Structure formats: C-alpha cells, structure tokens
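Next comes entry.txt, with compact mmCIF, C-alpha atoms.
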# COMPACT_ATOMS: atom_id res chain seq x y z
CA MET D 1076 -4.25 -21.82 2.69
CA ILE D 1077 -5.23 -18.21 3.24
CA ARG D 1078 -5.96 -16.74 -0.18
CA SER D 1079 -5.39 -13.09 0.56
CA THR D 1080 -1.97 -12.18 -0.80
CA PHE D 1081 -1.02 -9.92 2.05
CA ALA D 1082 -2.60 -11.63 5.07
CA ILE D 1083 0.53 -13.50 6.17
CA PRO D 1084 2.99 -10.77 5.11
CA VAL D 1085 1.10 -8.21 7.22
CA VAL D 1086 1.21 -10.49 10.26
CA LEU D 1087 4.95 -11.08 9.73
CA GLY D 1088 5.54 -7.36 9.35
CA LEU D 1089 3.62 -6.44 12.50
CA LEU D 1090 5.41 -9.15 14.52
CA SER D 1091 8.78 -7.90 13.22
CA LEU D 1092 8.02 -4.30 14.16
CA ALA D 1093 6.73 -5.34 17.59
CA GLY D 1094 9.90 -7.36 18.14
CA LEU D 1095 12.12 -4.47 17.11
CA VAL D 1096 10.36 -2.00 19.42
CA VAL D 1097 9.72 -4.11 22.50
CA ALA D 1098 13.44 -4.79 23.14
CA LEU D 1099 14.04 -1.04 23.05
CA THR D 1100 11.71 -0.49 26.00
CA GLY D 1101 13.63 -2.62 28.50
CA ASP D 1102 15.47 -5.84 29.26
CA GLY D 1103 14.53 -9.26 30.63
CA TRP D 1104 11.16 -10.60 29.46
CA ARG D 1105 10.93 -7.84 26.87
CA ASP D 1106 14.07 -9.18 25.19
CA ILE D 1107 12.64 -12.70 25.14
CA LEU D 1108 9.37 -11.43 23.65
CA SER D 1109 11.40 -9.53 21.06
CA TRP D 1110 13.34 -12.66 20.02
CA ALA D 1111 10.10 -14.62 19.67
CA ALA D 1112 8.39 -11.93 17.58
CA LEU D 1113 11.38 -11.28 15.33
CA SER D 1114 11.75 -15.02 14.72
CA ALA D 1115 8.44 -14.99 12.82
CA PRO D 1116 9.91 -14.13 9.38
CA LEU D 1117 12.59 -16.80 9.81
CA LEU D 1118 10.09 -19.43 10.86
CA ALA D 1119 7.85 -18.56 7.90
CA VAL D 1120 10.76 -19.08 5.49
CA LEU D 1121 11.79 -22.35 7.18
CA TRP D 1122 8.20 -23.55 6.98
CA ALA D 1123 8.02 -22.73 3.25
CA ALA D 1124 11.37 -24.42 2.61
CA SER D 1125 10.37 -27.59 4.45
CA ARG D 1126 7.01 -27.77 2.65
CA ARG D 1127 8.67 -27.50 -0.76
CA SER D 1128 9.86 -31.11 -0.93
CA SER D 1129 6.51 -32.65 -0.02
CA MET Y 958 -3.61 -3.50 -11.10
CA THR Y 959 -3.57 -2.02 -14.59
CA ARG Y 960 -0.89 -3.01 -17.08
CA SER Y 961 0.57 0.48 -17.11
CA ALA Y 962 0.78 0.53 -13.30
CA VAL Y 963 2.61 -2.80 -13.27
CA ARG Y 964 4.92 -1.45 -15.96
CA ALA Y 965 5.70 1.73 -13.98
CA TRP Y 966 6.35 -0.13 -10.71
CA TYR Y 967 8.43 -2.72 -12.55
CA LEU Y 968 10.68 0.00 -13.95
CA VAL Y 969 10.96 1.72 -10.56
CA HIS Y 970 11.90 -1.62 -8.97
CA LYS Y 971 14.42 -2.42 -11.66
CA TRP Y 972 16.24 0.90 -11.69
CA THR Y 973 16.26 1.68 -7.97
CA SER Y 974 17.55 -1.84 -7.31
CA LEU Y 975 20.19 -1.76 -10.01
CA VAL Y 976 21.70 1.49 -8.79
CA CYS Y 977 21.88 0.53 -5.11
CA THR Y 978 22.56 -3.23 -5.22
CA LEU Y 979 26.38 -3.18 -5.21
CA PHE Y 980 26.42 -0.64 -2.37
CA LEU Y 981 23.85 -2.65 -0.45
CA LEU Y 982 25.84 -5.85 -0.90
CA MET Y 983 28.89 -4.06 0.49
CA LEU Y 984 26.79 -2.75 3.41
CA CYS Y 985 25.43 -6.24 4.16
CA LEU Y 986 28.86 -7.90 3.96
CA THR Y 987 30.51 -5.28 6.21
CA GLY Y 988 27.46 -5.02 8.47
CA LEU Y 989 27.35 -8.77 9.14
CA PRO Y 990 30.62 -8.92 11.16
CA LEU Y 991 29.89 -5.49 12.70
CA ILE Y 992 26.77 -6.91 14.39
CA PHE Y 993 29.15 -8.98 16.52
CA HIS Y 994 31.87 -6.35 17.06
CA ASP Y 995 31.69 -6.63 20.87
CA GLU Y 996 32.11 -10.41 20.76
CA VAL Y 997 34.86 -10.22 18.13
CA GLU Y 998 36.83 -7.61 20.06
CA GLU Y 999 36.59 -9.64 23.23
CA LEU Y 1000 37.81 -12.78 21.45
CA ALA Y 1001 40.59 -10.84 19.74
CA GLY Y 1002 42.19 -10.15 23.09
CA GLY Y 1003 40.61 -6.83 23.97
CA PRO Y 1004 40.83 -5.61 27.57
CA PRO Y 1005 38.95 -7.85 30.03
CA PRO Y 1006 35.78 -6.35 31.53
CA LEU Y 1007 36.52 -4.21 34.59
CA ALA Y 1008 34.93 -4.86 37.97
CA GLY Y 1009 33.64 -2.12 40.23
CA PRO Y 1010 31.07 0.67 40.37
CA ALA Y 1011 29.74 2.14 37.12
CA SER Y 1012 31.88 5.04 35.93
CA SER Y 1013 28.69 6.98 35.13
CA SER Y 1014 27.64 6.94 38.80
CA ASP Y 1015 28.94 9.05 41.68
CA ALA Y 1016 29.57 6.03 43.87
CA PRO Y 1017 32.39 6.11 46.44
CA GLY Y 1018 35.58 4.48 45.23
CA LEU Y 1019 35.61 6.34 41.93
CA LEU Y 1020 38.37 8.88 41.25
CA PRO Y 1021 37.45 12.52 40.53
CA LEU Y 1022 36.92 13.42 36.87
CA ASP Y 1023 39.67 16.05 37.07
CA THR Y 1024 42.16 13.36 38.12
CA MET Y 1025 41.07 11.14 35.23
CA LEU Y 1026 41.44 13.99 32.78
CA GLN Y 1027 44.94 14.80 34.07
CA ARG Y 1028 45.92 11.14 33.59
CA ALA Y 1029 44.64 11.23 30.02
CA LEU Y 1030 46.34 14.50 29.11
CA ALA Y 1031 49.61 13.20 30.57
CA GLU Y 1032 49.44 10.42 27.97
CA ARG Y 1033 48.96 12.93 25.15
CA PRO Y 1034 51.08 15.99 25.97
CA GLY Y 1035 50.11 19.11 24.04
CA GLU Y 1036 46.64 17.81 23.15
CA VAL Y 1037 43.26 19.04 24.39
CA PRO Y 1038 40.30 17.03 25.72
CA LEU Y 1039 37.38 16.50 23.31
CA TYR Y 1040 35.11 13.92 24.94
CA MET Y 1041 34.86 11.95 28.17
CA ALA Y 1042 32.43 9.03 28.13
CA PHE Y 1043 31.05 6.80 30.89
CA ASP Y 1044 29.86 3.22 31.28
CA ASN Y 1045 26.79 1.96 33.16
CA GLU Y 1046 28.16 -1.52 33.82
CA SER Y 1047 31.78 -1.01 34.91
CA PRO Y 1048 34.31 1.66 35.99
CA LEU Y 1049 35.46 1.93 32.36
CA LEU Y 1050 35.88 5.57 31.36
CA THR Y 1051 37.05 6.79 27.95
CA VAL Y 1052 38.77 10.06 27.13
CA THR Y 1053 39.13 11.35 23.58
CA THR Y 1054 41.80 13.93 22.84
CA GLY Y 1055 42.99 15.79 19.76
CA PRO Y 1056 45.39 18.52 18.69
CA ALA Y 1057 42.67 21.25 18.79
CA PRO Y 1058 39.14 21.67 20.21
CA ASN Y 1059 37.61 21.23 16.74
CA SER Y 1060 39.89 18.41 15.55
CA PRO Y 1061 38.33 16.11 12.94
CA GLU Y 1062 37.61 12.51 13.86
CA THR Y 1063 40.66 11.24 11.97
CA GLN Y 1064 42.97 13.13 14.36
CA MET Y 1065 41.25 12.02 17.57
CA THR Y 1066 42.80 9.60 20.04
CA LEU Y 1067 40.63 7.38 22.26
CA MET Y 1068 41.96 6.08 25.58
CA LEU Y 1069 40.31 3.62 27.98
CA PHE Y 1070 40.76 4.05 31.73
CA ASP Y 1071 39.70 2.33 34.94
CA ARG Y 1072 38.04 4.98 37.08
CA THR Y 1073 38.68 3.09 40.33
CA ASN Y 1074 42.48 3.38 40.08
CA GLY Y 1075 43.17 5.72 37.16
CA ARG Y 1076 45.01 3.05 35.19
CA LEU Y 1077 45.15 3.14 31.41
CA VAL Y 1078 43.33 -0.04 30.35
CA ALA Y 1079 44.07 0.12 26.65
CA PRO Y 1080 46.63 2.46 25.12
CA PRO Y 1081 45.66 4.20 21.91
CA GLY Y 1082 46.48 1.71 19.19
CA GLU Y 1083 46.33 1.10 15.47
CA LYS Y 1084 42.88 0.88 14.00
CA GLY Y 1085 41.64 -2.70 14.18
CA ILE Y 1086 39.87 -4.56 11.39
CA MET Y 1087 36.49 -3.77 12.99
CA GLU Y 1088 37.15 -0.01 12.87
CA LEU Y 1089 38.11 -0.29 9.21
CA LEU Y 1090 34.95 -2.28 8.44
CA LEU Y 1091 32.91 0.32 10.31
CA GLN Y 1092 34.45 3.14 8.33
CA LEU Y 1093 33.85 1.33 5.04
CA HIS Y 1094 30.26 0.75 6.16
CA THR Y 1095 29.77 4.37 7.25
CA ASP Y 1096 31.43 6.46 4.55
CA MET Y 1097 33.70 4.23 2.39
CA PHE Y 1098 36.65 6.34 3.63
CA LEU Y 1099 35.20 9.35 1.78
CA GLY Y 1100 34.05 11.40 4.77
CA LEU Y 1101 30.80 13.34 4.61
CA PRO Y 1102 30.27 12.90 0.82
CA GLY Y 1103 30.59 9.14 1.32
CA MET Y 1104 28.03 9.16 4.14
CA LEU Y 1105 25.58 11.17 2.08
CA LEU Y 1106 26.11 8.90 -0.94
CA LEU Y 1107 25.35 5.82 1.17
CA GLY Y 1108 22.32 7.65 2.57
CA ALA Y 1109 21.09 8.20 -0.99
CA MET Y 1110 21.66 4.50 -1.73
CA GLY Y 1111 19.57 3.73 1.35
CA LEU Y 1112 16.79 5.88 -0.06
CA LEU Y 1113 16.91 3.93 -3.35
CA PHE Y 1114 16.92 0.68 -1.35
CA VAL Y 1115 13.73 1.70 0.46
CA ALA Y 1116 12.15 2.66 -2.89
CA ALA Y 1117 13.16 -0.77 -4.23
CA LEU Y 1118 11.57 -2.45 -1.19
CA VAL Y 1119 8.30 -0.55 -1.61
CA SER Y 1120 8.09 -1.17 -5.36
CA GLY Y 1121 8.96 -4.82 -4.74
CA VAL Y 1122 6.02 -5.18 -2.36
CA VAL Y 1123 3.72 -3.51 -4.92
CA LEU Y 1124 4.82 -6.04 -7.58
CA TYR Y 1125 4.37 -8.88 -5.09
CA ALA Y 1126 0.60 -8.36 -5.39
CA PRO Y 1127 0.13 -9.20 -9.12
CA PHE Y 1128 2.84 -11.88 -8.91
CA MET Y 1129 1.20 -13.75 -6.02
CA ARG Y 1130 -2.40 -13.23 -7.18
CA LYS Y 1131 -2.97 -16.95 -7.80
CA LEU Y 1132 -0.23 -18.30 -5.55
CA ASP Y 1133 -0.14 -19.24 -1.88
CA PHE Y 1134 2.22 -17.57 0.54
CA GLY Y 1135 5.48 -19.49 0.69
CA THR Y 1136 5.24 -20.99 -2.82
CA LEU Y 1137 8.67 -22.31 -3.84
CA ARG Y 1138 8.70 -24.00 -7.25
CA THR Y 1139 12.18 -25.46 -7.27
CA GLU Y 1140 11.74 -28.17 -9.91
CA ARG Y 1141 10.56 -26.26 -12.98
CA SER Y 1142 13.55 -24.06 -13.81
CA ARG Y 1143 16.40 -22.33 -12.05
CA ARG Y 1144 14.94 -18.97 -12.92
CA LEU Y 1145 11.54 -19.78 -11.39
CA LYS Y 1146 13.24 -21.17 -8.28
CA TRP Y 1147 15.15 -17.94 -7.68
CA LEU Y 1148 12.13 -15.82 -8.56
CA ASP Y 1149 10.15 -17.58 -5.83
CA TRP Y 1150 12.99 -17.31 -3.31
CA HIS Y 1151 13.39 -13.60 -4.15
CA ASN Y 1152 9.71 -12.99 -3.45
CA LEU Y 1153 9.50 -15.13 -0.33
CA LEU Y 1154 12.62 -13.75 1.39
CA GLY Y 1155 11.84 -10.22 0.27
CA ILE Y 1156 8.32 -10.19 1.66
CA ALA Y 1157 9.26 -12.07 4.86
CA ALA Y 1158 12.09 -9.69 5.76
CA PHE Y 1159 10.36 -6.57 4.36
CA ALA Y 1160 9.60 -4.89 7.70
CA TRP Y 1161 13.07 -5.53 9.10
CA MET Y 1162 14.80 -4.39 5.87
CA THR Y 1163 12.70 -1.23 5.84
CA VAL Y 1164 13.53 -0.39 9.46
CA VAL Y 1165 17.25 -1.02 8.96
CA GLY Y 1166 17.14 0.91 5.67
CA VAL Y 1167 15.33 3.95 7.08
CA THR Y 1168 17.45 4.08 10.24
CA GLY Y 1169 20.54 3.74 8.05
CA ILE Y 1170 19.43 6.80 6.07
CA ILE Y 1171 18.93 8.76 9.31
CA ASN Y 1172 22.37 7.70 10.59
CA ALA Y 1173 23.89 8.77 7.27
CA LEU Y 1174 22.46 12.24 7.92
CA ALA Y 1175 24.09 12.42 11.39
CA THR Y 1176 26.54 15.19 10.49
CA PRO Y 1177 24.00 17.67 9.07
CA LEU Y 1178 21.50 16.79 11.83
CA VAL Y 1179 24.07 17.45 14.58
CA ASP Y 1180 25.24 20.65 12.87
CA GLN Y 1181 21.68 21.90 12.63
CA TRP Y 1182 21.04 21.07 16.29
CA ARG Y 1183 24.25 22.77 17.47
CA ASN Y 1184 23.58 25.93 15.46
CA GLY Y 1185 19.88 25.98 16.38
CA ALA Y 1186 18.54 24.45 19.59
CA LEU Y 1187 21.90 24.27 21.37
CA ALA Y 1188 22.85 27.85 20.47
CA GLU Y 1189 19.47 28.98 21.80
CA MET Y 1190 20.25 27.37 25.16
CA THR Y 1191 23.18 29.73 25.70
CA GLY Y 1192 20.77 32.68 25.90
CA ARG Y 1193 22.53 35.85 27.03
CA GLU Y 1194 25.93 34.25 26.71
CA ALA Y 1195 25.44 33.64 23.00
CA GLY Y 1196 28.33 34.93 20.94
CA ALA Y 1197 30.84 34.81 23.80
CA ALA Y 1198 34.37 34.20 22.58
CA PRO Y 1199 35.60 30.57 22.50
CA LEU Y 1200 37.25 29.59 25.75
CA PRO Y 1201 40.93 28.59 25.39
CA PRO Y 1202 41.69 25.13 26.88
CA ALA Y 1203 44.02 26.70 29.48
CA ARG Y 1204 40.98 28.31 31.12
CA TYR Y 1205 38.81 25.19 31.31
CA GLY Y 1206 37.54 24.90 34.89
CA SER Y 1207 36.96 21.87 37.11
CA LEU Y 1208 35.03 18.99 35.53
CA ASP Y 1209 33.88 17.76 38.94
CA ARG Y 1210 32.37 21.13 39.78
CA ALA Y 1211 30.66 21.19 36.37
CA MET Y 1212 29.35 17.65 36.88
CA ALA Y 1213 28.01 18.60 40.32
CA SER Y 1214 26.04 21.51 38.79
CA ALA Y 1215 24.74 19.24 36.04
CA ARG Y 1216 23.69 16.50 38.46
CA ALA Y 1217 21.89 19.09 40.61
CA ALA Y 1218 19.86 20.11 37.55
CA LEU Y 1219 18.95 16.51 36.63
CA PRO Y 1220 18.83 14.60 39.93
CA GLY Y 1221 18.63 10.82 39.67
CA ASN Y 1222 20.08 10.68 36.16
CA ASP Y 1223 23.56 9.57 35.15
CA PRO Y 1224 25.73 11.09 32.43
CA GLN Y 1225 26.67 9.26 29.23
CA PHE Y 1226 29.35 11.65 28.02
CA ILE Y 1227 30.80 15.14 28.31
CA ALA Y 1228 31.48 17.12 25.15
CA PHE Y 1229 34.25 19.68 25.61
CA PRO Y 1230 34.05 23.24 24.23
CA GLY Y 1231 34.53 23.77 20.51
CA GLY Y 1232 33.51 20.31 19.27
CA ALA Y 1233 30.49 19.11 17.29
CA TYR Y 1234 28.38 18.53 20.42
CA SER Y 1235 29.02 21.72 22.37
CA THR Y 1236 29.49 25.46 22.08
CA GLY Y 1237 32.80 27.31 22.19
CA HIS Y 1238 32.67 27.91 25.94
CA HIS Y 1239 30.56 25.18 27.53
CA TYR Y 1240 30.89 21.67 28.76
CA ALA Y 1241 27.84 19.84 27.40
CA VAL Y 1242 27.03 16.99 29.79
CA PHE Y 1243 24.68 14.49 28.14
CA PHE Y 1244 22.43 12.68 30.60
CA GLN Y 1245 20.59 9.42 30.03
CA GLY Y 1246 16.97 9.09 31.08
CA ASP Y 1247 16.25 7.12 34.25
CA THR Y 1248 13.86 4.54 32.77
CA PRO Y 1249 14.77 1.82 30.22
CA LEU Y 1250 12.66 3.59 27.60
CA THR Y 1251 14.27 7.02 28.07
CA LYS Y 1252 17.77 5.69 28.70
CA ARG Y 1253 18.63 6.08 25.02
CA LEU Y 1254 17.30 9.63 24.85
CA LEU Y 1255 19.93 12.09 25.97
CA THR Y 1256 19.35 15.46 27.63
CA PRO Y 1257 22.20 17.96 27.51
CA ALA Y 1258 23.07 20.15 30.47
CA LEU Y 1259 25.11 23.11 29.31
CA ILE Y 1260 27.70 24.18 31.90
CA ASP Y 1261 29.91 27.25 31.64
CA ALA Y 1262 33.30 25.59 31.24
CA GLU Y 1263 35.13 28.36 33.09
CA THR Y 1264 32.90 28.86 36.14
CA GLY Y 1265 31.24 25.42 36.31
CA ARG Y 1266 27.80 27.06 36.62
CA LEU Y 1267 24.71 25.68 34.88
CA THR Y 1268 23.66 27.68 31.81
CA ASP Y 1269 20.62 25.65 30.75
CA VAL Y 1270 19.24 22.14 30.48
CA ARG Y 1271 16.76 21.22 27.78
CA PRO Y 1272 15.60 18.04 26.00
CA MET Y 1273 16.85 17.51 22.46
CA PRO Y 1274 14.59 18.28 19.47
CA ILE Y 1275 12.77 15.55 17.57
CA SER Y 1276 15.47 15.29 14.89
CA MET Y 1277 18.10 14.36 17.49
CA THR Y 1278 15.68 11.95 19.19
CA ALA Y 1279 15.19 10.23 15.83
CA LEU Y 1280 18.96 10.04 15.36
CA GLN Y 1281 19.46 8.51 18.81
CA LEU Y 1282 16.73 5.90 18.32
CA SER Y 1283 18.06 5.09 14.85
CA GLN Y 1284 21.34 3.81 16.22
CA PRO Y 1285 20.14 0.74 18.15
CA LEU Y 1286 17.48 0.00 15.52
CA HIS Y 1287 20.19 -0.05 12.85
CA PHE Y 1288 22.90 -1.91 14.80
CA GLY Y 1289 20.69 -4.54 16.50
CA ASP Y 1290 22.85 -4.39 19.63
CA TYR Y 1291 20.09 -3.77 22.16
CA GLY Y 1292 18.60 -7.16 22.91
CA GLY Y 1293 21.37 -9.60 23.71
CA LEU Y 1294 23.05 -12.23 21.54
CA PRO Y 1295 19.80 -13.84 20.26
CA LEU Y 1296 18.75 -10.50 18.75
CA LYS Y 1297 22.15 -10.21 17.07
CA LEU Y 1298 21.77 -13.71 15.63
CA LEU Y 1299 18.33 -12.79 14.26
CA TRP Y 1300 19.89 -9.63 12.82
CA ALA Y 1301 22.55 -11.75 11.11
CA ALA Y 1302 19.97 -14.19 9.71
CA LEU Y 1303 17.89 -11.32 8.30
CA THR Y 1304 21.05 -9.79 6.81
CA LEU Y 1305 21.68 -13.13 5.06
CA PHE Y 1306 18.10 -13.02 3.73
CA THR Y 1307 18.84 -9.55 2.38
CA ILE Y 1308 22.00 -10.77 0.67
CA VAL Y 1309 20.02 -13.55 -1.06
CA VAL Y 1310 17.33 -11.07 -2.12
CA LEU Y 1311 20.00 -8.77 -3.60
CA GLY Y 1312 21.90 -11.61 -5.28
CA SER Y 1313 18.80 -13.27 -6.73
CA GLY Y 1314 17.62 -9.86 -7.94
CA VAL Y 1315 20.82 -9.40 -9.93
CA TYR Y 1316 20.58 -12.98 -11.26
CA LEU Y 1317 16.96 -12.45 -12.41
CA TRP Y 1318 17.89 -9.19 -14.14
CA LEU Y 1319 21.03 -10.60 -15.82
CA GLY Y 1320 19.17 -13.64 -17.14
CA ARG Y 1321 16.50 -11.83 -19.14
CA ARG Y 1322 17.62 -8.27 -19.54
CA GLN Y 1323 17.44 -8.52 -23.33
CA ALA Y 1324 13.92 -9.95 -23.46
CA PRO Y 1325 11.24 -7.41 -24.50
CA LEU Y 1326 9.71 -5.49 -21.58
CA SER Y 1327 6.19 -6.82 -22.35
CA LEU Y 1328 7.41 -10.40 -21.84
CA ARG Y 1329 9.15 -9.55 -18.57
CA LEU Y 1330 5.95 -7.89 -17.34
CA ALA Y 1331 4.00 -11.00 -18.35
CA GLU Y 1332 6.31 -13.01 -16.12
CA VAL Y 1333 5.34 -10.81 -13.16
CA THR Y 1334 1.59 -10.83 -13.79
CA SER Y 1335 1.47 -14.60 -14.46
CA GLY Y 1336 3.18 -15.37 -11.18
CA GLY Y 1337 6.20 -16.73 -13.04
CA ARG Y 1338 4.23 -19.32 -15.04
CA PHE Y 1339 5.11 -17.45 -18.21
CA GLU Y 1340 8.89 -17.37 -18.55
CA PRO Y 1341 10.46 -15.06 -21.12
CA GLN Y 1342 12.95 -16.95 -23.26
CA PRO Y 1343 16.56 -15.85 -23.41
CA SER Y 1344 17.20 -13.68 -26.42
CA PRO Y 1345 18.91 -15.32 -29.44
CA ALA Y 1346 22.01 -13.28 -28.73
CA GLU Y 1347 22.70 -15.24 -25.53
Full structure transcribed into structure tokens:
Amino acid sequence: MIRSTFAIPVVLGLLSLAGLVVALTGDGWRDILSWAALSAPLLAVLWAASRRSS
Amino acid sequence: MTRSAVRAWYLVHKWTSLVCTLFLLMLCLTGLPLIFHDEVEELAGGPPPLAGPASSSDAPGLLPLDTMLQRALAERPGEVPLYMAFDNESPLLTVTTGPAPNSPETQMTLMLFDRTNGRLVAPPGEKGIMELLLQLHTDMFLGLPGMLLLGAMGLLFVAALVSGVVLYAPFMRKLDFGTLRTERSRRLKWLDWHNLLGIAAFAWMTVVGVTGIINALATPLVDQWRNGALAEMTGREAGAAPLPPARYGSLDRAMASARAALPGNDPQFIAFPGGAYSTGHHYAVFFQGDTPLTKRLLTPALIDAETGRLTDVRPMPISMTALQLSQPLHFGDYGGLPLKLLWAALTLFTIVVLGSGVYLWLGRRQAPLSLRLAEVTSGGRFEPQPSPAE
C-alpha cells in the first residue's frame, strides 16, 4: 500500500474537481468523462468496504 | 504535528462541526430530493414537454413577445410584468407578474406558456412540495436573515472540513488509506468510516459548501451589482425617474435592439424595470454566451423601456460570474442523470460523516481532552473509556 497519508486523497480530490469542471464546459463526451472522474471517491469507498471482510 | 497544534485543530473541528451539524443535516435531507426536482415534477404530473422551436430563438412560428405578455397580463389583471424567461429546448416561455414593479418574491406569480400558440401551459398554482423544500433549503422561510444564517453555517462547515483534513494526518500516520476496523469496537468502526468518507468526499463537499455560501450571498451580491456596475451602464440617463408600467414600450422592439448588439446570442430572460435585476426605466435583457462554456455566463443588454433603444451592453463583474457558476456546481443539474446520482451518493456520504461525527462526540464528550487527543494521534488504537457517569 502507498504509505503517504495524502497520496490517494489528493488523487481523489483532483479527479473530483476535474469531474465537476469538465461537465460545465460542454455536453456529450465531457459528461461521460465527468461521471467517470466523479465516480472515483465512490469507487475508493466501495473498494475499502469490500476489502474489510478479507 | 505538535501536541498543541493537534489540540487547536481538534477544538476547531469539534466546535465548528457542532454548531453547523443540525443545519447541515437539514440541508442534506432537503437537498437530496431537490437534486431530482425535474424528474419528480415530471412524475408528479407536471406539464408534458412542449414540441417546437426554442422560445429563446427568433425562429419563425413563434409568437411576438408583446402578444405573449398581453396573454400573461390578461390572466393577472391589474398586475405588472416582472420577468419573462426563455427555454433553449422548447417553446416554453415563462412570465412572472406581481402587484408592483418591486414586488417581493412571495407576491410573484409564475405562469408557463407555449410560445407557438400562446396557450397557458400551467396556471399559477399552489406551491408544491418541491418549492417548499427549496425554500426550507434556501432560507428556512426566514427570508434574507435565514439565507445569511445558512451561509454562515456553510462557512463553519468548510472550516470543519479543513480542520478534519488536518486531523486526518496524525490519525492516519500509521494506517493505510481505506482502513476500516469493524471488529474491534463500534466506536472504532464509526471513527474509521468518518475518516474514510470524509476524506473521499472532501473535494466535492468543499465545492458544494463554498458554492452554497456564494448562493446564500445572492441578495447582497445582486444588490451590489445593481447599484454599482448596472447603474454605471445607464451613463447619462442615470437618475431618470422610474418609468410607470403604462409607458412600457414594445418588448419586440427592445429585443431587436438587444439582438443587434449581441448577434448570434440568445436571451435567457428579460428583467422588467424596477426589479432586482434592472433599473427603474430599462428592460435588462440577459443573453447567454454562444459556446457551452460561456452559456452559463450572462451578459445584460440594457434597453430603454420606453423607446426600445439600446443604452449599453457590458459583461457582468467577477462577483456575478462567481454567483452564476455557483448555481450548477451547487445543484449538480448540469451533467445528466448519472451526475445527479453521483451527487445523491456523495450527499449520502455527507450525511454519514455528519451522523458519525455526532455519534463520536456524544460517546466520549465527558472524557478528558488529553485522552480524546490521544485517540486521534494513535489512529484510534487508544480508545478513551466512557466516564463513570455514563
């Protein structure tokens, strides 16, 4: 696992911000990119929750 | 991080959170259904979408604006027009009227029309559940003081987010990202969930928090713009007496002057004289930009309401640009249904962060501060015991 406390949080934060902004700049593929980027925090939480039981 | 720094940030986190949590829970619970207000209104039997050219265009087949206004005023005899707003997707056109040019929002009446045939699509009705939720979310039915209070709560929320991230550092020092210790104790389980959800949704919560604060300041920002930049646009005509509604000139002539000043752009709405978005004697026609990026940034063309001649056209100052960009970024309504679903999921994360925060505080609020700080710096391995009183 990456030891630096903020490595993953910074990546999640940048992806979230990119997702929030890119959908503002247009429709179509920009919306799809936005959904993918803004899914990152959700996927990180799902990953942590699924790992917990193992 | 030094012990005294942890102590200071801990106290900031505790107090900013405690003050704003109940308000934030209310905002999350009302905001959650509001994300889907379009879908809900459609399901609840709202008017079906209209077919035809966009009411914001000047396509053939659309009725003149003067005709539309006459239709609206016939529905509300004795009232004056306040706003006329356009749609980019359909011939839907809305007219807002009120008893006087400066009527407050509570006295306004909104009517929906079809601009291809002049028919009233939806008569003014009782406020629906969504409007009530929106008002609770905006000002708790307290008007401007309520908006400013919620803005202040937003400020505390952002301070709680920042201090929470600062405390995340000593807490996670020896832990991997995503650590969830669910077996050891209920307290440790919720402490880990609080940290994980809080850090994962931090950027989104900050954006929605900051844009919420800006939206809460809408009234003073608009007032400042009207008395400053907008008043400057009137130039020589500044200080002219307010124009009585009986002398309002043709809207179509005014729109033609405005379109000539901003060719290629379509209007989003017209603000009539005497309201929050215009002067006492102008129609302010707000145009959308012609690219996706500038579509949300409005440019007002100020038209003499009596003669229909252009007075000035000027972009809005940075404060109004910030206000306009804050709306989509707060509502999440700008990227289709998937974006709304993500918005809802992140709102649920926020609710869990708020709820677990209250639970963590309630559980050990009587333990000595030094022990609660030890819990933070040990990453939760040290758990303060409940006080004997409990």
Q: Rank nothing, just name the residue among Y:Met1273, Y:Asn1074, Y:Gln1323, Y:Thr1251 nearest to Thr1100 (chain D), using all atoms listed in the file.
A: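 Looking at the shortest contact to Thr1100 (chain D), the residue is Y:Thr1251.
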**Q.** Neighbour residues at most 10 Å from (12.7, -0.1, 19.1) (all atoms listed in the file) as JSON, numbers by chain
**A.** {"D": [1092, 1093, 1094, 1095, 1096, 1097, 1098, 1099, 1100, 1101, 1109], "Y": [1164, 1250, 1282, 1283, 1284, 1285, 1286, 1287, 1289, 1291, 1292]}
Q. Within 9 Å of chain D, which residues of chain Y show up when using all atoms listed in the file, listed as number ranges by chain?
A. Y: 1125-1126, 1129-1139, 1153-1154, 1156-1161, 1164, 1248-1251, 1253, 1282, 1285-1286, 1289, 1291-1293, 1295-1296, 1299, 1302-1303
Q) What is the CA of Val1165 (chain Y) to CA of Lys1252 (chain Y) distance in Å? A)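 Calculated distance between CA of Val1165 (chain Y) and CA of Lys1252 (chain Y) is 20.9 Å.
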Q: Tell me, as a ChimeraX atom specification, which residues lie within 12 Å of Pro1224 (chain Y), counting only C-alpha atoms; anything in the same chain fewer than 2 positions away does not count.
A: /Y:1011-1015,1041-1045,1050,1211-1213,1215-1216,1218-1222,1226-1228,1241-1247,1252-1258
Q. Looking at Y:Gly1337, Y:Gly1169, Y:Gly1206, Y:Pro1272, which one is nearest to Gly1111 (chain Y), with distances taken over only C-alpha atoms?
A.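 Smallest distance to Gly1111 (chain Y) is found for Y:Gly1169.
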Q. Residues at most 12 Å from Leu1311 (chain Y), counting only C-alpha atoms, excluding those fewer than 4 positions away in the same chain, as an NGL selection string?
A. :Y and (971 or 973-986 or 1114 or 1117-1118 or 1121 or 1147-1148 or 1150-1152 or 1154-1155 or 1162 or 1304-1307 or 1315-1318)
Q.
Every residue with an atom at most 10 Å from (38.2, -5.7, 35.0) (file coordinates; all atoms listed in the file) is what I'm after, so could you write them as a list in words?
A.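 Selection result: Pro1004, Pro1005, Pro1006, Leu1007, Ala1008, Gly1009, Ser1047, Pro1048, Leu1049, Asp1071 and Val1078 of chain Y.
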Q.
Need to verify the contact set: Arg1028 (chain Y), 9 Å, only C-alpha atoms, exclusion of same-chain residues closer than 2 positions in sequence. Can you return it as number ranges by chain?
A. Y: 1023-1026, 1030-1032, 1070, 1075-1077
Q. If you measure from CA of Pro1061 (chain Y) to CA of Tyr1205 (chain Y), what distance in Å do you get, rounded to one decimal?
A. 20.5 Å
(Q) Can you tell me which residues surround Thr1063 (chain Y) at a distance of at most 12 Å, considering only C-alpha atoms, apart from same-chain residues fewer than 6 positions away, and format the answer as a list in words? (A) Thr1053, Thr1054, Gly1055, Pro1056, Lys1084, Glu1088, Gln1092, Phe1098, Leu1099 and Gly1100 of chain Y
Q. By how many Å are CA of Thr1191 (chain Y) and CA of Ala1217 (chain Y) apart?
A. 18.4 Å
